[in-house]
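Participant: Okay, handing you the structure first.
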Amino acid sequence: MAERSVLVRYFAAAEEAAGREEERVSLDTPTVGALRELLDARYGEAMRLVLRNGSFLVDGVVSRDPDAAIGERVDVLPPFAGG
């Protein structure tokens, strides 16, 4: 499978951990799990804390499934409080 460029947008604590609002990343395997591994390696403990209880918004659907395929854009969402 060819490497794919994905736009990753960060919100709230995820933005703080990444130090940016968005970026383009390249993934050999465009899945939630591959993106999680890349972000963990790139941003360390601060991002790890966000990803532990946060989620990914993939094509408008919240996903925590590491095997879920991702398309052109993924939003990294921290855990939210309230109801």
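How things are named: the first chain in the structure tokens is A, the next is B, and so on; residues count from 1 in each chain; ligands count from 1 in the order shown.
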Excluding A:Leu38 and residues on its chain fewer than 6 positions from it, collect all residues at most 10 Å away from it, counting only C-alpha atoms, and give them as number ranges by chain.
Facilitator: A: 25-27, 32, 44
Participant: Which polymer residues have any atom within 10 Å of an atom of A:Asp65, counting only C-alpha atoms, with same-chain residues fewer than 2 positions away left out, as a PDB file with N, CA and C atoms, in the first residue's frame?
Facilitator:
ATOM      1  N   THR A  31      -4.462   3.838   9.289  1.00  0.00           N
ATOM      2  CA  THR A  31      -5.439   3.355  10.266  1.00  0.00           C
ATOM      3  C   THR A  31      -5.331   4.185  11.535  1.00  0.00           C
ATOM      4  N   VAL A  32      -6.357   4.111  12.368  1.00  0.00           N
ATOM      5  CA  VAL A  32      -6.349   4.801  13.656  1.00  0.00           C
ATOM      6  C   VAL A  32      -5.153   4.342  14.484  1.00  0.00           C
ATOM      7  N   GLY A  33      -4.870   3.047  14.491  1.00  0.00           N
ATOM      8  CA  GLY A  33      -3.746   2.518  15.273  1.00  0.00           C
ATOM      9  C   GLY A  33      -2.401   3.062  14.815  1.00  0.00           C
ATOM     10  N   SER A  55     -10.391  10.384  21.608  1.00  0.00           N
ATOM     11  CA  SER A  55     -10.845   9.607  20.459  1.00  0.00           C
ATOM     12  C   SER A  55     -10.459  10.320  19.167  1.00  0.00           C
ATOM     13  N   PHE A  56     -10.695   9.630  18.064  1.00  0.00           N
ATOM     14  CA  PHE A  56     -10.445  10.167  16.740  1.00  0.00           C
ATOM     15  C   PHE A  56     -11.782  10.332  16.032  1.00  0.00           C
ATOM     16  N   VAL A  62     -16.891   9.019  15.488  1.00  0.00           N
ATOM     17  CA  VAL A  62     -15.901   8.816  16.539  1.00  0.00           C
ATOM     18  C   VAL A  62     -15.410   7.376  16.493  1.00  0.00           C
ATOM     19  N   SER A  63     -14.084   7.202  16.549  1.00  0.00           N
ATOM     20  CA  SER A  63     -13.506   5.862  16.498  1.00  0.00           C
ATOM     21  C   SER A  63     -12.365   5.724  17.489  1.00  0.00           C
ATOM     22  N   ASP A  67      -7.985  -0.635  14.090  1.00  0.00           N
ATOM     23  CA  ASP A  67      -7.994  -1.132  12.714  1.00  0.00           C
ATOM     24  C   ASP A  67      -8.847  -0.292  11.772  1.00  0.00           C
ATOM     25  N   ALA A  68      -9.528   0.722  12.307  1.00  0.00           N
ATOM     26  CA  ALA A  68     -10.379   1.571  11.467  1.00  0.00           C
ATOM     27  C   ALA A  68      -9.531   2.336  10.456  1.00  0.00           C
ATOM     28  N   ALA A  69      -9.936   2.279   9.199  1.00  0.00           N
ATOM     29  CA  ALA A  69      -9.226   3.005   8.142  1.00  0.00           C
ATOM     30  C   ALA A  69      -9.528   4.497   8.270  1.00  0.00           C
TER      31      ALA A  69
END
Participant: Quick one: DSSP strand (DSSP E or B) residues in chain A, as a ChimeraX atom specification?
Facilitator: /A:4-10,22-27,31,55-58,61-63,69,73-77
Participant: Need the shell around A:Gly19: protein/DNA/RNA residues with any atom at most 10 Å away, counting only C-alpha atoms. Skip same-chain ones fewer than 4 positions apart. Format as a PyMOL selection string?
Facilitator: chain A and resi 10+13-15+43
Participant: I need the residues from that last selection saved to file as a PDB file, in the first residue's frame (with all heavy atoms), if you can.
Facilitator:
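Below you can see result-v4.pdb, which holds the result:
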ATOM      1  N   TYR A  10      -6.010  19.060  15.607  1.00  0.00           N
ATOM      2  CA  TYR A  10      -5.962  18.852  17.059  1.00  0.00           C
ATOM      3  C   TYR A  10      -6.883  19.841  17.755  1.00  0.00           C
ATOM      4  O   TYR A  10      -6.954  21.004  17.373  1.00  0.00           O
ATOM      5  CB  TYR A  10      -4.537  19.065  17.570  1.00  0.00           C
ATOM      6  CG  TYR A  10      -3.522  18.175  16.907  1.00  0.00           C
ATOM      7  CD1 TYR A  10      -2.668  18.661  15.934  1.00  0.00           C
ATOM      8  CD2 TYR A  10      -3.424  16.837  17.257  1.00  0.00           C
ATOM      9  CE1 TYR A  10      -1.727  17.851  15.329  1.00  0.00           C
ATOM     10  CE2 TYR A  10      -2.490  16.008  16.655  1.00  0.00           C
ATOM     11  CZ  TYR A  10      -1.651  16.523  15.693  1.00  0.00           C
ATOM     12  OH  TYR A  10      -0.728  15.710  15.083  1.00  0.00           O
ATOM     13  N   ALA A  13      -6.828  19.919  24.549  1.00  0.00           N
ATOM     14  CA  ALA A  13      -5.609  19.339  25.122  1.00  0.00           C
ATOM     15  C   ALA A  13      -4.739  18.667  24.063  1.00  0.00           C
ATOM     16  O   ALA A  13      -3.507  18.638  24.186  1.00  0.00           O
ATOM     17  CB  ALA A  13      -5.963  18.342  26.228  1.00  0.00           C
ATOM     18  N   ALA A  14      -5.339  18.138  23.008  1.00  0.00           N
ATOM     19  CA  ALA A  14      -4.562  17.536  21.925  1.00  0.00           C
ATOM     20  C   ALA A  14      -3.740  18.603  21.203  1.00  0.00           C
ATOM     21  O   ALA A  14      -2.576  18.386  20.861  1.00  0.00           O
ATOM     22  CB  ALA A  14      -5.485  16.820  20.943  1.00  0.00           C
ATOM     23  N   GLU A  15      -4.337  19.776  20.997  1.00  0.00           N
ATOM     24  CA  GLU A  15      -3.617  20.888  20.380  1.00  0.00           C
ATOM     25  C   GLU A  15      -2.458  21.337  21.265  1.00  0.00           C
ATOM     26  O   GLU A  15      -1.353  21.605  20.789  1.00  0.00           O
ATOM     27  CB  GLU A  15      -4.575  22.058  20.136  1.00  0.00           C
ATOM     28  CG  GLU A  15      -3.907  23.260  19.509  1.00  0.00           C
ATOM     29  CD  GLU A  15      -4.849  24.431  19.324  1.00  0.00           C
ATOM     30  OE1 GLU A  15      -6.086  24.240  19.331  1.00  0.00           O
ATOM     31  OE2 GLU A  15      -4.336  25.555  19.183  1.00  0.00           O
ATOM     32  N   TYR A  43       5.045  13.007  19.979  1.00  0.00           N
ATOM     33  CA  TYR A  43       4.734  13.992  21.022  1.00  0.00           C
ATOM     34  C   TYR A  43       4.837  13.475  22.453  1.00  0.00           C
ATOM     35  O   TYR A  43       4.679  14.248  23.389  1.00  0.00           O
ATOM     36  CB  TYR A  43       3.345  14.593  20.775  1.00  0.00           C
ATOM     37  CG  TYR A  43       3.288  15.325  19.465  1.00  0.00           C
ATOM     38  CD1 TYR A  43       2.497  14.859  18.427  1.00  0.00           C
ATOM     39  CD2 TYR A  43       4.050  16.465  19.248  1.00  0.00           C
ATOM     40  CE1 TYR A  43       2.455  15.521  17.209  1.00  0.00           C
ATOM     41  CE2 TYR A  43       4.018  17.125  18.037  1.00  0.00           C
ATOM     42  CZ  TYR A  43       3.226  16.646  17.020  1.00  0.00           C
ATOM     43  OH  TYR A  43       3.197  17.313  15.814  1.00  0.00           O
TER      44      TYR A  43
END
